[in-house]
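K.L.:
Dropping in query-v2.txt, with compact mmCIF, C-alpha atoms and all ligand atoms.
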```txt
# COMPACT_ATOMS: atom_id res chain seq x y z
CA MET A 1 29.63 -0.48 -29.72
CA SER A 2 31.00 0.36 -26.30
CA ILE A 3 28.80 0.02 -23.23
CA ASP A 4 29.10 3.76 -22.58
CA LYS A 5 27.74 4.53 -26.03
CA ILE A 6 24.81 2.13 -25.65
CA LEU A 7 23.88 3.64 -22.29
CA GLU A 8 24.22 7.15 -23.69
CA ARG A 9 21.89 6.22 -26.56
CA ALA A 10 19.42 4.83 -24.02
CA ARG A 11 19.52 8.03 -21.96
CA GLN A 12 18.80 10.03 -25.11
CA GLY A 13 15.66 7.97 -25.66
CA ALA A 14 16.87 5.60 -28.38
CA GLU A 15 15.22 2.18 -28.70
CA LEU A 16 17.90 -0.40 -28.07
CA SER A 17 18.25 -3.35 -30.43
CA ALA A 18 18.30 -6.99 -29.33
CA GLY A 19 22.05 -6.99 -29.98
CA GLU A 20 22.55 -4.01 -27.67
CA LEU A 21 20.50 -5.69 -24.94
CA VAL A 22 22.72 -8.76 -25.25
CA GLU A 23 25.79 -6.56 -24.81
CA LEU A 24 24.35 -4.99 -21.68
CA LEU A 25 23.38 -8.39 -20.25
CA SER A 26 26.88 -9.69 -20.95
CA ILE A 27 28.69 -7.00 -18.94
CA THR A 28 31.20 -8.38 -16.44
CA ASP A 29 33.39 -5.31 -15.77
CA LYS A 30 32.66 -3.72 -12.40
CA ASP A 31 32.58 -0.11 -13.61
CA GLU A 32 30.43 -0.99 -16.58
CA LEU A 33 28.02 -2.82 -14.28
CA GLN A 34 27.76 0.28 -12.09
CA ALA A 35 27.15 2.44 -15.17
CA LEU A 36 24.33 0.08 -16.20
CA TYR A 37 22.74 0.19 -12.74
CA ASP A 38 23.08 4.00 -12.61
CA CYS A 39 21.38 4.33 -15.97
CA ALA A 40 18.50 2.10 -14.77
CA TYR A 41 18.23 4.17 -11.58
CA PHE A 42 18.10 7.35 -13.66
CA PHE A 43 15.00 6.00 -15.41
CA LYS A 44 13.54 4.67 -12.20
CA GLU A 45 13.76 8.08 -10.50
CA GLN A 46 12.30 9.79 -13.51
CA TYR A 47 9.40 7.40 -14.18
CA VAL A 48 8.41 5.74 -10.90
CA GLY A 49 10.34 7.59 -8.17
CA LYS A 50 12.44 6.46 -5.23
CA ILE A 51 9.55 4.76 -3.48
CA ALA A 52 9.39 1.06 -2.72
CA TYR A 53 5.89 -0.41 -2.63
CA PHE A 54 5.16 -3.40 -0.44
CA ARG A 55 2.87 -6.23 -1.47
CA GLY A 56 2.27 -8.69 1.33
CA ILE A 57 2.40 -12.13 -0.23
CA ILE A 58 0.11 -14.85 1.11
CA GLU A 59 1.16 -18.31 -0.05
CA CYS A 60 -2.19 -19.92 0.54
CA SER A 61 -1.70 -23.45 -0.76
CA ASN A 62 0.97 -25.74 -2.17
CA LEU A 63 -1.48 -28.12 -3.84
CA CYS A 64 -0.60 -28.14 -7.53
CA ILE A 65 -1.79 -29.93 -10.65
CA LYS A 66 1.32 -28.88 -12.58
CA ASP A 67 4.62 -30.72 -12.71
CA CYS A 68 7.24 -28.10 -13.70
CA TYR A 69 10.69 -29.70 -13.57
CA TYR A 70 12.23 -26.83 -11.57
CA CYS A 71 9.60 -26.23 -8.91
CA GLY A 72 9.71 -27.64 -5.39
CA ILE A 73 5.91 -27.90 -5.04
CA ARG A 74 5.40 -29.77 -8.34
CA ARG A 75 2.71 -32.46 -8.26
CA SER A 76 5.17 -35.37 -8.32
CA ASN A 77 7.23 -34.21 -5.34
CA THR A 78 5.97 -36.62 -2.69
CA LYS A 79 8.29 -35.22 -0.03
CA VAL A 80 6.21 -32.05 0.37
CA GLU A 81 3.56 -32.00 3.05
CA ARG A 82 0.61 -30.40 1.30
CA PHE A 83 -1.49 -27.67 2.87
CA GLN A 84 -4.44 -25.50 1.98
CA MET A 85 -5.37 -22.46 4.08
CA ASP A 86 -9.04 -22.02 4.72
CA GLU A 87 -10.94 -18.89 3.76
CA ASP A 88 -10.72 -17.30 7.17
CA GLU A 89 -6.95 -17.73 7.32
CA ILE A 90 -6.41 -16.09 3.93
CA VAL A 91 -8.69 -13.19 4.80
CA ARG A 92 -7.00 -12.76 8.19
CA GLU A 93 -3.57 -12.47 6.57
CA ALA A 94 -4.86 -9.99 4.01
CA LEU A 95 -6.28 -7.88 6.83
CA TRP A 96 -2.95 -8.08 8.66
CA THR A 97 -1.36 -6.73 5.47
CA HIS A 98 -3.84 -3.86 5.44
CA GLU A 99 -3.23 -3.03 9.09
CA ALA A 100 0.52 -3.13 8.48
CA GLU A 101 -0.16 -0.35 5.94
CA TYR A 102 1.04 -2.29 2.94
CA GLY A 103 -0.96 -0.96 0.03
CA SER A 104 -1.55 -4.34 -1.58
CA CYS A 105 -1.56 -8.07 -1.05
CA VAL A 106 -0.71 -10.91 -3.42
CA ILE A 107 -2.47 -14.24 -3.13
CA GLN A 108 -0.31 -17.00 -4.60
CA SER A 109 -0.59 -20.76 -4.68
CA GLY A 110 0.13 -23.85 -6.68
CA GLU A 111 -2.28 -24.31 -9.54
CA ARG A 112 -5.80 -25.65 -9.13
CA GLN A 113 -8.57 -25.32 -11.67
CA ASP A 114 -11.47 -27.03 -9.89
CA GLU A 115 -14.71 -25.13 -9.28
CA GLN A 116 -14.45 -25.54 -5.51
CA TYR A 117 -11.13 -23.65 -5.53
CA ILE A 118 -12.26 -21.04 -8.03
CA ALA A 119 -15.37 -20.29 -5.95
CA MET A 120 -13.34 -20.18 -2.73
CA ILE A 121 -10.92 -17.60 -4.17
CA GLU A 122 -13.86 -15.61 -5.49
CA ARG A 123 -15.38 -15.44 -2.01
CA VAL A 124 -12.03 -14.61 -0.37
CA VAL A 125 -11.38 -11.75 -2.79
CA GLY A 126 -14.89 -10.39 -2.19
CA ARG A 127 -14.46 -10.55 1.58
CA ILE A 128 -11.08 -8.77 1.48
CA LYS A 129 -12.48 -6.06 -0.74
CA GLU A 130 -15.43 -5.50 1.55
CA ALA A 131 -13.45 -5.58 4.79
CA THR A 132 -10.87 -3.09 3.52
CA LYS A 133 -13.46 -0.91 1.71
CA GLY A 134 -11.61 -1.53 -1.51
CA GLU A 135 -8.48 0.15 -0.14
CA LEU A 136 -6.18 -2.85 -0.30
CA GLY A 137 -4.95 -3.70 -3.80
CA ILE A 138 -5.54 -7.40 -4.50
CA THR A 139 -3.14 -9.19 -6.82
CA LEU A 140 -3.60 -12.83 -7.76
CA SER A 141 -0.89 -15.27 -8.80
CA LEU A 142 -2.81 -18.49 -9.22
CA GLY A 143 -1.60 -19.82 -12.54
CA GLU A 144 -3.40 -20.68 -15.74
CA GLN A 145 -7.18 -20.33 -15.68
CA THR A 146 -9.97 -19.80 -18.18
CA GLU A 147 -10.93 -16.29 -19.20
CA GLU A 148 -14.23 -16.84 -17.41
CA THR A 149 -12.40 -17.56 -14.14
CA TYR A 150 -10.16 -14.51 -14.54
CA ARG A 151 -13.31 -12.47 -15.12
CA ARG A 152 -15.05 -13.82 -12.00
CA TRP A 153 -12.05 -13.01 -9.80
CA LYS A 154 -11.75 -9.55 -11.32
CA LYS A 155 -15.43 -8.88 -10.70
CA ALA A 156 -15.00 -10.01 -7.09
CA GLY A 157 -12.35 -7.32 -6.55
CA ALA A 158 -8.91 -8.42 -7.80
CA SER A 159 -7.15 -5.82 -9.90
CA ARG A 160 -3.79 -7.32 -10.82
CA TYR A 161 -2.56 -10.72 -11.95
CA LEU A 162 0.91 -12.18 -12.10
CA LEU A 163 1.65 -15.05 -14.43
CA ARG A 164 5.25 -15.61 -15.39
CA ILE A 165 5.92 -16.80 -18.92
CA GLU A 166 9.09 -18.42 -17.42
CA THR A 167 10.98 -18.26 -20.75
CA THR A 168 9.92 -17.23 -24.24
CA ASN A 169 12.28 -19.65 -25.97
CA PRO A 170 10.00 -22.54 -27.06
CA GLU A 171 12.77 -25.18 -26.96
CA LEU A 172 13.87 -24.13 -23.50
CA TYR A 173 10.26 -24.00 -22.33
CA ALA A 174 9.80 -27.57 -23.56
CA LYS A 175 12.93 -28.69 -21.72
CA ILE A 176 11.86 -27.40 -18.32
CA HIS A 177 8.24 -28.55 -18.47
CA PRO A 178 6.41 -31.83 -19.18
CA ALA A 179 4.94 -32.19 -22.69
CA ASP A 180 1.41 -31.19 -21.64
CA HIS A 181 2.54 -27.77 -20.32
CA SER A 182 2.30 -25.28 -23.16
CA LEU A 183 3.96 -21.95 -23.84
CA ASP A 184 1.12 -21.04 -26.19
CA VAL A 185 -1.49 -21.64 -23.48
CA ARG A 186 0.53 -19.43 -21.15
CA LYS A 187 0.63 -16.66 -23.79
CA GLU A 188 -3.09 -17.05 -24.34
CA CYS A 189 -3.68 -16.69 -20.59
CA LEU A 190 -1.72 -13.42 -20.60
CA ALA A 191 -3.86 -12.21 -23.51
CA ALA A 192 -7.04 -13.23 -21.64
CA LEU A 193 -5.87 -11.33 -18.56
CA ARG A 194 -5.30 -8.29 -20.69
CA ARG A 195 -8.76 -8.58 -22.25
CA THR A 196 -10.21 -8.84 -18.76
CA ASP A 197 -8.68 -5.46 -17.87
CA TYR A 198 -6.26 -6.57 -15.18
CA GLN A 199 -2.96 -4.85 -14.57
CA VAL A 200 -0.93 -7.69 -16.01
CA GLY A 201 2.42 -8.85 -14.75
CA THR A 202 4.72 -11.49 -16.11
CA GLY A 203 8.39 -12.39 -16.02
CA VAL A 204 10.95 -15.10 -16.46
CA MET A 205 13.54 -17.10 -14.58
CA MET A 206 17.15 -16.22 -15.29
CA GLY A 207 20.08 -18.59 -15.28
CA LEU A 208 18.17 -21.66 -16.43
CA PRO A 209 20.45 -24.43 -17.70
CA GLY A 210 21.09 -23.82 -21.41
CA GLN A 211 19.59 -20.30 -21.38
CA THR A 212 21.57 -17.70 -23.35
CA MET A 213 21.84 -13.91 -23.16
CA GLU A 214 20.01 -13.82 -26.51
CA ASP A 215 17.12 -15.69 -24.87
CA LEU A 216 16.99 -13.15 -22.06
CA ALA A 217 17.19 -10.19 -24.46
CA ASN A 218 14.28 -11.72 -26.40
CA ASP A 219 12.39 -12.18 -23.13
CA ILE A 220 12.67 -8.46 -22.43
CA LEU A 221 11.55 -7.61 -25.95
CA PHE A 222 8.57 -9.93 -25.46
CA LEU A 223 7.59 -8.00 -22.32
CA LYS A 224 7.69 -4.85 -24.37
CA GLN A 225 5.79 -6.36 -27.27
CA ILE A 226 2.86 -7.46 -25.11
CA ASP A 227 2.92 -4.05 -23.40
CA ILE A 228 3.12 -5.44 -19.89
CA ASP A 229 2.30 -3.36 -16.77
CA MET A 230 4.35 -5.22 -14.17
CA VAL A 231 7.33 -7.53 -14.14
CA GLY A 232 8.36 -10.08 -11.54
CA MET A 233 11.37 -12.10 -12.46
CA GLY A 234 14.04 -13.86 -10.54
CA PRO A 235 17.04 -16.14 -10.70
CA TYR A 236 16.45 -19.87 -11.06
CA ILE A 237 17.62 -21.65 -7.91
CA PRO A 238 17.84 -25.45 -7.85
CA HIS A 239 15.54 -27.43 -5.56
CA GLY A 240 17.02 -30.78 -4.57
CA ASP A 241 13.77 -32.75 -4.90
CA THR A 242 13.04 -31.79 -8.51
CA PRO A 243 14.24 -33.32 -11.79
CA MET A 244 16.25 -30.19 -12.66
CA GLY A 245 17.62 -29.83 -9.14
CA GLN A 246 18.93 -33.37 -9.26
CA VAL A 247 21.03 -32.53 -12.30
CA VAL A 248 22.10 -29.04 -11.19
CA PRO A 249 24.01 -29.32 -7.88
CA PRO A 250 23.41 -26.65 -5.21
CA TYR A 251 25.09 -23.36 -6.14
CA THR A 252 28.59 -22.64 -4.93
CA ASP A 253 29.23 -19.16 -3.50
CA GLU A 254 30.66 -18.11 -6.85
CA GLN A 255 27.58 -19.37 -8.71
CA LYS A 256 25.32 -17.54 -6.25
CA LYS A 257 27.18 -14.33 -6.96
CA GLN A 258 26.87 -14.85 -10.71
CA ALA A 259 23.16 -15.68 -10.44
CA LEU A 260 22.58 -12.55 -8.37
CA THR A 261 24.47 -10.34 -10.84
CA LEU A 262 22.49 -11.76 -13.74
CA GLY A 263 19.26 -11.09 -11.82
CA LEU A 264 20.31 -7.49 -11.20
CA LYS A 265 21.36 -6.97 -14.81
CA MET A 266 17.98 -8.22 -16.03
CA ILE A 267 16.15 -5.82 -13.69
CA ALA A 268 18.34 -2.93 -14.88
CA VAL A 269 17.93 -3.65 -18.58
CA THR A 270 14.18 -4.19 -18.15
CA ARG A 271 13.88 -0.78 -16.44
CA ILE A 272 15.88 0.88 -19.22
CA VAL A 273 13.68 -0.66 -21.92
CA LEU A 274 10.24 -0.51 -20.27
CA LYS A 275 10.66 2.59 -18.06
CA ASP A 276 7.26 3.21 -16.40
CA ILE A 277 6.26 -0.31 -15.31
CA ASN A 278 6.37 -1.77 -11.81
CA ILE A 279 9.26 -4.19 -11.32
CA ALA A 280 9.47 -6.51 -8.32
CA ALA A 281 12.73 -7.40 -6.64
CA ALA A 282 12.07 -11.13 -6.29
CA THR A 283 12.54 -12.93 -3.00
CA ALA A 284 14.85 -15.35 -4.82
CA LEU A 285 17.42 -12.51 -4.99
CA GLN A 286 17.60 -12.61 -1.21
CA ALA A 287 18.14 -16.37 -1.26
CA LEU A 288 21.41 -15.64 -3.07
CA GLU A 289 22.55 -12.80 -0.85
CA TYR A 290 20.99 -11.29 2.26
CA THR A 291 20.71 -7.79 0.75
CA GLY A 292 19.70 -9.09 -2.68
CA ARG A 293 16.32 -7.40 -2.75
CA GLU A 294 17.68 -3.95 -1.79
CA GLN A 295 20.28 -4.38 -4.48
CA GLY A 296 17.35 -5.05 -6.82
CA LEU A 297 15.84 -1.68 -5.82
CA ARG A 298 19.17 0.00 -6.54
CA CYS A 299 19.15 -1.52 -10.02
CA GLY A 300 15.66 -0.37 -10.99
CA ALA A 301 13.07 -2.48 -9.15
CA ASN A 302 10.38 -0.59 -7.17
CA VAL A 303 8.28 -3.34 -5.58
CA ILE A 304 9.06 -5.79 -2.78
CA MET A 305 6.83 -8.63 -1.73
CA PRO A 306 7.30 -9.31 1.99
CA ASN A 307 6.00 -12.67 3.09
CA VAL A 308 2.91 -12.40 5.28
CA THR A 309 2.18 -16.14 5.36
CA GLU A 310 1.73 -17.74 8.79
CA THR A 311 5.21 -18.87 9.85
CA ASP A 312 4.13 -22.52 10.28
CA TYR A 313 3.22 -22.83 6.62
CA ARG A 314 6.35 -21.21 5.21
CA PRO A 315 8.63 -24.25 5.15
CA LYS A 316 5.99 -26.07 3.08
CA TYR A 317 6.09 -23.49 0.30
CA GLN A 318 9.65 -24.03 -0.84
CA LEU A 319 9.78 -23.42 -4.57
CA TYR A 320 13.59 -23.54 -4.38
CA ASP A 321 16.19 -24.38 -1.75
CA ASN A 322 17.23 -21.88 0.97
CA LYS A 323 14.15 -19.68 0.58
CA PRO A 324 14.74 -16.80 3.03
CA CYS A 325 12.55 -15.70 5.98
CA THR A 326 10.88 -19.09 6.43
CA ASP A 327 11.54 -18.93 10.17
CA GLU A 328 10.41 -15.33 10.68
CA ASN A 329 6.98 -13.91 11.30
CA SER A 330 5.32 -11.13 9.32
CA SER A 331 6.04 -8.30 11.79
CA MET A 332 9.72 -9.17 11.75
CA CYS A 333 9.72 -8.95 7.94
CA ARG A 334 8.04 -5.52 8.04
CA GLY A 335 10.55 -4.01 10.46
CA CYS A 336 13.57 -5.58 8.90
CA LEU A 337 12.70 -4.60 5.34
CA SER A 338 11.62 -1.03 6.13
CA GLY A 339 14.90 -0.36 7.89
CA ARG A 340 16.91 -1.72 5.02
CA ILE A 341 14.99 0.39 2.49
CA LYS A 342 15.60 3.59 4.47
CA GLY A 343 19.23 2.55 4.46
CA ILE A 344 19.41 2.93 0.69
CA GLY A 345 17.78 6.38 0.74
CA GLU A 346 14.29 5.39 -0.39
CA THR A 347 10.90 5.61 1.27
CA VAL A 348 8.25 2.91 1.58
CA GLY A 349 4.91 3.70 -0.03
CA PHE A 350 2.87 2.77 3.03
CA ASN A 351 -0.91 2.88 2.52
CA GLU A 352 -0.48 3.42 -1.20
CA ARG A 353 -1.64 0.87 -3.73
CA GLY A 354 1.21 1.85 -6.00
CA ASP A 355 -0.47 1.01 -9.29
CA SER A 356 1.74 0.65 -12.32
CA PRO A 357 2.14 4.11 -13.91
CA HIS A 358 2.22 2.32 -17.25
CA PHE A 359 -1.24 0.86 -16.57
CA ARG A 360 -2.62 4.26 -15.60
CA LYS A 361 -1.21 5.78 -18.75
CA ARG A 362 -2.57 3.15 -21.10
CA THR A 363 -6.04 3.07 -19.54
CA GLY A 364 -6.39 6.67 -18.41
CA GLU A 365 -7.40 5.44 -14.92
N1 LIG A 401 1.34 -21.52 -9.66
C1 LIG A 401 1.46 -20.13 -9.93
C2 LIG A 401 2.40 -19.35 -9.02
C3 LIG A 401 3.33 -20.08 -8.09
S1 LIG A 401 4.98 -20.32 -8.53
C4 LIG A 401 1.88 -19.93 -11.38
O1 LIG A 401 2.12 -20.89 -12.09
O2 LIG A 401 1.90 -18.81 -11.83
C5 LIG A 401 5.65 -18.71 -8.73
C6 LIG A 401 6.93 -18.65 -9.52
O3 LIG A 401 8.01 -19.24 -8.80
C7 LIG A 401 6.93 -19.40 -10.83
O4 LIG A 401 6.30 -18.67 -11.83
C8 LIG A 401 8.43 -19.62 -11.09
O5 LIG A 401 8.94 -18.63 -11.96
C9 LIG A 401 9.07 -19.44 -9.71
N2 LIG A 401 9.87 -20.65 -9.35
C10 LIG A 401 9.44 -21.92 -9.25
N3 LIG A 401 10.49 -22.74 -8.99
C11 LIG A 401 11.59 -21.96 -8.93
C12 LIG A 401 12.99 -22.22 -8.71
N4 LIG A 401 13.45 -23.45 -8.52
N5 LIG A 401 13.85 -21.17 -8.71
C13 LIG A 401 13.39 -19.91 -8.89
N6 LIG A 401 12.11 -19.61 -9.11
C14 LIG A 401 11.19 -20.63 -9.14
```
Rewrite the coordinates I just gave you, this time as structure tokens.
P.N.:
Amino acid sequence: MSIDKILERARQGAELSAGELVELLSITDKDELQALYDCAYFFKEQYVGKIAYFRGIIECSNLCIKDCYYCGIRRSNTKVERFQMDEDEIVREALWTHEAEYGSCVIQSGERQDEQYIAMIERVVGRIKEATKGELGITLSLGEQTEETYRRWKKAGASRYLLRIETTNPELYAKIHPADHSLDVRKECLAALRRTDYQVGTGVMMGLPGQTMEDLANDILFLKQIDIDMVGMGPYIPHGDTPMGQVVPPYTDEQKKQALTLGLKMIAVTRIVLKDINIAAATALQALEYTGREQGLRCGANVIMPNVTETDYRPKYQLYDNKPCTDENSSMCRGCLSGRIKGIGETVGFNERGDSPHFRKRTGE
């Protein structure tokens, strides 16, 4: 079927098949790409509006018990200087986020499952909630935990959780992780988060070595199947000090362009299929091209996560090479991003939590 026909079917409300998603993800023609992005924007305007929500992201620690082959802060990377912010620092950055009128913050770190860490996060979340009178949305992105831990953090005041599935293809998952990292555990964590009443977000990396368009189409169908509220996904970018980065050389300009286009296509197709969810334009898009995140908004994303981490810590939280904004401070990021968003004809949802409309619909909240 022609691309035009598939997009027309989508606009009329048809459910696209896996084969049709593969065709959309395989587009290379410039006009067809634009038609895909326009169709995604049509759904974005209709379901979530032309508003970009900011989530200030606090990267509070790079200590990690995991050893993912792609990630720059993996346990076995001895070249990273490890850091852990203390409670006051995390709370201070969350309050900065609130004062900057971002509706929400995201607390992210490498993975730790020890009680000391769990209790620390619990206290931090409680303090942020109290100090902002519950106005600031608190999202956590702290990896795999027990249901009990998710429950404690939720009770303390967190309302959303991001845990990427990375890829839903079991063979590919096994290739990019050590044997003791399990796709099933990850799925179970997403189910536990759902049972614990979080707004749940997940996503994948695109452009992994050996990944096919069928894999990516299945990833999108998985997001639909588990009825996700939020999606954060981004292109895989090699990190030189990781097992995968040693095999994949740094991207050439042409490869960067291709990786960016694939990232944008995934955002667009996800918007077309899932419609009323929140979709983040990942920072990794900007590592490929300076305006990558705004392009993400043009293709259907509606959330941006400006970095609010203390500038000194930023170079130590390099998940991939050439991570942008590591030499800027938080105020610079606010000004620079807001201007660029106005430039594409959208407004920033300052002081709004910007909950996922899908979540509100399914819970009646
Ligand atoms: N430890 C937490 C969150 C930190 S990592 C967790 O496991 O959920 C956040 C995300 O960064 C990961 O889920 C992964 O998708 C992404 N990431 C890691 N290395 C990357 C790389 N080399 N290129 C692109 N994205 C990467």
K.L.:
So, with all atoms listed in the file as the atoms that count, which of A:Met1, A:Cys189, A:Val125, A:Cys39 lies closest to ligand LIG 401 (chain A)?
P.N.:
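Closest residue, counting all atoms listed in the file: A:Cys189.
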K.L.:
Can you find the residues with an atom no farther than 10 Å from (11.9, -11.5, -1.3), counting only C-alpha atoms, and report them as a CSV table (one decimal) with C-alpha atoms, in the coordinates of the input?
P.N.:
```csv
chain,number,residue,atom,x,y,z
A,57,ILE,CA,2.4,-12.1,-0.2
A,234,GLY,CA,14.0,-13.9,-10.5
A,280,ALA,CA,9.5,-6.5,-8.3
A,281,ALA,CA,12.7,-7.4,-6.6
A,282,ALA,CA,12.1,-11.1,-6.3
A,283,THR,CA,12.5,-12.9,-3.0
A,284,ALA,CA,14.8,-15.4,-4.8
A,285,LEU,CA,17.4,-12.5,-5.0
A,286,GLN,CA,17.6,-12.6,-1.2
A,287,ALA,CA,18.1,-16.4,-1.3
A,290,TYR,CA,21.0,-11.3,2.3
A,291,THR,CA,20.7,-7.8,0.8
A,292,GLY,CA,19.7,-9.1,-2.7
A,293,ARG,CA,16.3,-7.4,-2.8
A,294,GLU,CA,17.7,-4.0,-1.8
A,303,VAL,CA,8.3,-3.3,-5.6
A,304,ILE,CA,9.1,-5.8,-2.8
A,305,MET,CA,6.8,-8.6,-1.7
A,306,PRO,CA,7.3,-9.3,2.0
A,307,ASN,CA,6.0,-12.7,3.1
A,323,LYS,CA,14.2,-19.7,0.6
A,324,PRO,CA,14.7,-16.8,3.0
A,325,CYS,CA,12.6,-15.7,6.0
A,333,CYS,CA,9.7,-9.0,7.9
A,337,LEU,CA,12.7,-4.6,5.3
```
K.L.:
Find the residues around Val269 of chain A up to 8 Å (all atoms listed in the file counted), leave out those fewer than 6 positions away in its own chain, and share them as a ChimeraX atom specification.
P.N.:
/A:21,24-25,36,40
K.L.:
Pick from A:Asp88, A:Glu214, A:Glu45, A:Asp241: nearest to ligand LIG 401 (chain A), with only C-alpha atoms and all ligand atoms counted?
P.N.:
A:Asp241
K.L.:
Residues near segment 154-157 of chain A, anyone? I mean within 6 Å using all atoms listed in the file, not counting same-chain ones fewer than 6 positions away, as a list in words.
P.N.:
Glu122, Val125, Gly126 and Lys129 of chain A
K.L.:
Print the selection's residues with C-alpha atoms to a file, as a PDB file, in the coordinates of the input.
P.N.:
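Result file part_22.pdb:
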```pdb
ATOM      1  CA  GLU A 122     -13.860 -15.610  -5.490  1.00  0.00           C
ATOM      2  CA  VAL A 125     -11.380 -11.750  -2.790  1.00  0.00           C
ATOM      3  CA  GLY A 126     -14.890 -10.390  -2.190  1.00  0.00           C
ATOM      4  CA  LYS A 129     -12.480  -6.060  -0.740  1.00  0.00           C
TER       5      LYS A 129
END
```
K.L.:
From the set A:Asp86, A:Asp227, A:Asp197, A:Asp67, which residue has the shortest atom-to-atom contact distance to ligand LIG 401 (chain A), counting all atoms listed in the file?
P.N.:
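The shortest atom-to-atom distance to ligand LIG 401 (chain A) comes from A:Asp67.
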K.L.:
Which residues, protein or nucleic acid, reach to within 12 Å of (18.6, 6.3, -2.6) in the file's coordinates when using all atoms listed in the file, and can you give that as an mmCIF file with C-alpha atoms, in the coordinates of the input?
P.N.:
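File selection-v7.cif, as written:
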```cif
data_model
loop_
_atom_site.group_PDB
_atom_site.id
_atom_site.type_symbol
_atom_site.label_atom_id
_atom_site.label_comp_id
_atom_site.auth_asym_id
_atom_site.auth_seq_id
_atom_site.Cartn_x
_atom_site.Cartn_y
_atom_site.Cartn_z
ATOM 1 C CA ASP A 38 23.080 4.000 -12.610
ATOM 2 C CA TYR A 41 18.230 4.170 -11.580
ATOM 3 C CA PHE A 42 18.100 7.350 -13.660
ATOM 4 C CA LYS A 44 13.540 4.670 -12.200
ATOM 5 C CA GLU A 45 13.760 8.080 -10.500
ATOM 6 C CA GLY A 49 10.340 7.590 -8.170
ATOM 7 C CA LYS A 50 12.440 6.460 -5.230
ATOM 8 C CA ILE A 51 9.550 4.760 -3.480
ATOM 9 C CA ALA A 52 9.390 1.060 -2.720
ATOM 10 C CA GLU A 294 17.680 -3.950 -1.790
ATOM 11 C CA GLN A 295 20.280 -4.380 -4.480
ATOM 12 C CA LEU A 297 15.840 -1.680 -5.820
ATOM 13 C CA ARG A 298 19.170 0.000 -6.540
ATOM 14 C CA CYS A 299 19.150 -1.520 -10.020
ATOM 15 C CA GLY A 300 15.660 -0.370 -10.990
ATOM 16 C CA ASN A 302 10.380 -0.590 -7.170
ATOM 17 C CA ARG A 340 16.910 -1.720 5.020
ATOM 18 C CA ILE A 341 14.990 0.390 2.490
ATOM 19 C CA LYS A 342 15.600 3.590 4.470
ATOM 20 C CA GLY A 343 19.230 2.550 4.460
ATOM 21 C CA ILE A 344 19.410 2.930 0.690
ATOM 22 C CA GLY A 345 17.780 6.380 0.740
ATOM 23 C CA GLU A 346 14.290 5.390 -0.390
ATOM 24 C CA THR A 347 10.900 5.610 1.270
ATOM 25 C CA VAL A 348 8.250 2.910 1.580
#
```
K.L.:
Quick one, how far is atom CA of Arg186 of chain A from atom CA of Ala259 of chain A?
P.N.:
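So the answer is 25.3 Å.
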K.L.:
I'd like the box whose edges run along x, y and z of the file and which contains every listed atom of ligand LIG 401 (chain A), padded by 4 Å per side; could you state its centre and edge lengths in Å, one decimal, as lines of an AutoDock Vina configuration file?
P.N.:
```
center_x = 7.6
center_y = -21.0
center_z = -10.1
size_x = 20.5
size_y = 12.8
size_z = 12.0
```
K.L.:
Would you mind telling me which residue in A:Gly354, A:Gly207, A:Gly263, A:Pro250 lies nearest to Asn322 of chain A when using only C-alpha atoms?
P.N.:
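Result for the nearest residue to Asn322 of chain A: A:Pro250.
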K.L.:
If we count only C-alpha atoms, what is near Val22 of chain A at a cut-off of 8 Å, once residues fewer than 4 positions away on the same chain are taken out, given as a PyMOL selection string?
P.N.:
chain A and resi 18+26+213-214+216-217
K.L.:
Work out how far atom CA of Leu319 of chain A is from atom CA of Glu87 of chain A, in Å to one decimal.
P.N.:
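Straight-line distance from atom CA of Glu87 of chain A to atom CA of Leu319 of chain A works out to 22.8 Å.
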K.L.:
Would you mind listing, for every residue of chain A within 6 Å of ligand LIG 401 (chain A), the two atoms forming the shortest contact and the distance between them in Å to one decimal, using only C-alpha atoms and all ligand atoms, sorted by chain and ascending residue number, as a tab-separated table?
P.N.:
```
residue	atom	partner	partner_atom	distance
A:Tyr70	CA	A:LIG401	N4	4.7
A:Cys71	CA	A:LIG401	N3	3.6
A:Gln108	CA	A:LIG401	C2	5.7
A:Ser109	CA	A:LIG401	C3	5.2
A:Gly110	CA	A:LIG401	N1	4.0
A:Glu111	CA	A:LIG401	N1	4.6
A:Ser141	CA	A:LIG401	C2	5.2
A:Leu142	CA	A:LIG401	C1	4.6
A:Gly143	CA	A:LIG401	C4	3.7
A:Leu163	CA	A:LIG401	O2	4.6
A:Arg164	CA	A:LIG401	O4	4.8
A:Glu166	CA	A:LIG401	O5	5.5
A:Met205	CA	A:LIG401	O5	5.5
A:Pro235	CA	A:LIG401	C13	5.6
A:Tyr236	CA	A:LIG401	N5	3.7
A:Ile237	CA	A:LIG401	N5	3.9
A:Pro238	CA	A:LIG401	N4	4.9
A:His239	CA	A:LIG401	N4	5.4
A:Leu319	CA	A:LIG401	N3	4.5
A:Tyr320	CA	A:LIG401	N4	4.1
```
K.L.:
Between A:Gln145, A:Gln318, A:Thr97, A:Thr242, which residue has the minimum interatomic distance to Ile58 of chain A, considering only C-alpha atoms?
P.N.:
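Using only C-alpha atoms, the shortest distance to Ile58 of chain A belongs to A:Thr97.
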K.L.:
Distance atom CA of Ala268 of chain A-atom CA of Gly72 of chain A, one decimal place?
P.N.:
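For atom CA of Ala268 of chain A relative to atom CA of Gly72 of chain A, the distance reads 27.8 Å.
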K.L.:
Excluding same-chain residues fewer than 4 positions from Asp253 of chain A, what lies within 12 Å of it counting all atoms listed in the file, as JSON, numbers by chain?
P.N.:
{"A": [257, 258, 259, 260, 287, 288, 289]}
K.L.:
Let me make sure I understand: among A:Cys68, A:Ile165, A:Ile3, A:Ala191, which one has the smallest atom-to-atom distance to Ala179 of chain A if we use all atoms listed in the file?
P.N.:
A:Cys68
